[in-house]
Amino acid sequence: MSDFKDLVGGRRSHRLYKEEELSEDDVQLILRAALYAPSGHGRRNWQFVVVEDKADLEKLADCKENGAAFLKGAALAVAVLCDPQANECWREDCSIAAVTMQYQAEDLGIGSCWVQIAERYLSDGTPAEQVVRGILDIPEQMRCLCIVGFGKKKLNLLPNEEDALKWENVHVGKF
């Protein structure tokens, strides 16, 4: 990308991926971006579980009723975790780290999409976090906010339209 404005405007959620692995260098850059992400009080106490095993990606794709199925075709998924007892800003910090990974991926020409895990459930009431915890052996005290799937883009989606920006949602000085 030539500049951040283009990167932000061009980033779209990609759920269809080519059957290609990501290079080790690209994976390292994506994870590096997460580790550089800002966090409350500079604590940086999020944790990341990197999943490349196809069997585990398929299991993760069934962790909730809607919105995770695309993980079956992902080359990589990263579960974003934190211990809420150690960080009252865990949701915010995990969100920033996840989005930072997505922008790094976009800069590399890699597609990504966020799967919300916290506060999501299977139809029988089973928490998605419980399912993910069982698949990835996540310790009980940790919370999983989301999983971000990554892969080589199968489709070239058009950038977001500048005309679609909702400037009416911006309030200056007061609401």
# chains A, B, ... in the order shown; residues from 1 in each chain; ligands from 1

call {"tool": "closest_atom_pairs", "arguments": {"of": "segment 7-77 of chain A", "to": "segment 103-107 of chain A", "cutoff": "7 Å", "atoms": "only C-alpha atoms", "output": "tab-separated table"}}
result
residue	atom	partner	partner_atom	distance
A:Leu7	CA	A:Asp107	CA	6.6
A:Arg11	CA	A:Glu106	CA	6.1
A:Ile30	CA	A:Gln104	CA	5.7
A:Ala33	CA	A:Gln104	CA	6.5

call {"tool": "residues_around", "arguments": {"residues": "Asp137 of chain A", "least_positions_apart": "5", "cutoff": "12 Å", "atoms": "only C-alpha atoms", "output": "PDB file with C-alpha atoms, in the first residue's frame"}}
result
ATOM      1  CA  VAL A  49      -2.609 -19.048  19.962  1.00  0.00           C
ATOM      2  CA  VAL A  51      -3.341 -22.389  14.574  1.00  0.00           C
ATOM      3  CA  ASP A  56      -7.958 -27.789  14.354  1.00  0.00           C
ATOM      4  CA  ALA A  79      -6.984 -16.804  18.846  1.00  0.00           C
ATOM      5  CA  GLU A 129     -15.229 -19.842  24.388  1.00  0.00           C
ATOM      6  CA  GLN A 130     -15.688 -23.246  26.003  1.00  0.00           C
ATOM      7  CA  VAL A 131     -15.474 -24.951  22.614  1.00  0.00           C
ATOM      8  CA  VAL A 132     -12.340 -22.980  21.661  1.00  0.00           C
ATOM      9  CA  MET A 142      -8.025 -16.894  30.085  1.00  0.00           C
ATOM     10  CA  CYS A 144     -10.877 -15.573  24.207  1.00  0.00           C
TER      11      CYS A 144
END

call {"tool": "residues_around", "arguments": {"residues": "Ser123 of chain A", "least_positions_apart": "3", "cutoff": "9 Å", "atoms": "only C-alpha atoms", "output": "count of residues only"}}
result
3

call {"tool": "residues_around", "arguments": {"residues": "Leu29 of chain A", "least_positions_apart": "3", "cutoff": "12 Å", "atoms": "only C-alpha atoms", "output": "NGL selection string"}}
result
:A and (22-26 or 32-36 or 100-108 or 110)

call {"tool": "closest_residue", "arguments": {"among": "A:Glu168, A:Glu52, A:Glu161, A:Glu140", "to": "Gln85 of chain A", "atoms": "only C-alpha atoms"}}
result
A:Glu140

call {"tool": "closest_atom_pairs", "arguments": {"of": "segment 35-129 of chain A", "to": "segment 152-155 of chain A", "cutoff": "8 Å", "atoms": "only C-alpha atoms", "output": "Markdown table"}}
result
| residue | atom | partner | partner_atom | distance |
| --- | --- | --- | --- | --- |
| A:Ala75 | CA | A:Lys152 | CA | 7.8 |
| A:Gly109 | CA | A:Lys152 | CA | 7.4 |
| A:Ile110 | CA | A:Lys152 | CA | 5.0 |
| A:Gly111 | CA | A:Lys153 | CA | 5.1 |

call {"tool": "select_by_dssp", "arguments": {"residues": "chain A", "states": "alpha helix (DSSP H)", "output": "PyMOL selection string"}}
result
chain A and resi 4-10+24-36+54-60+90-107+128-136
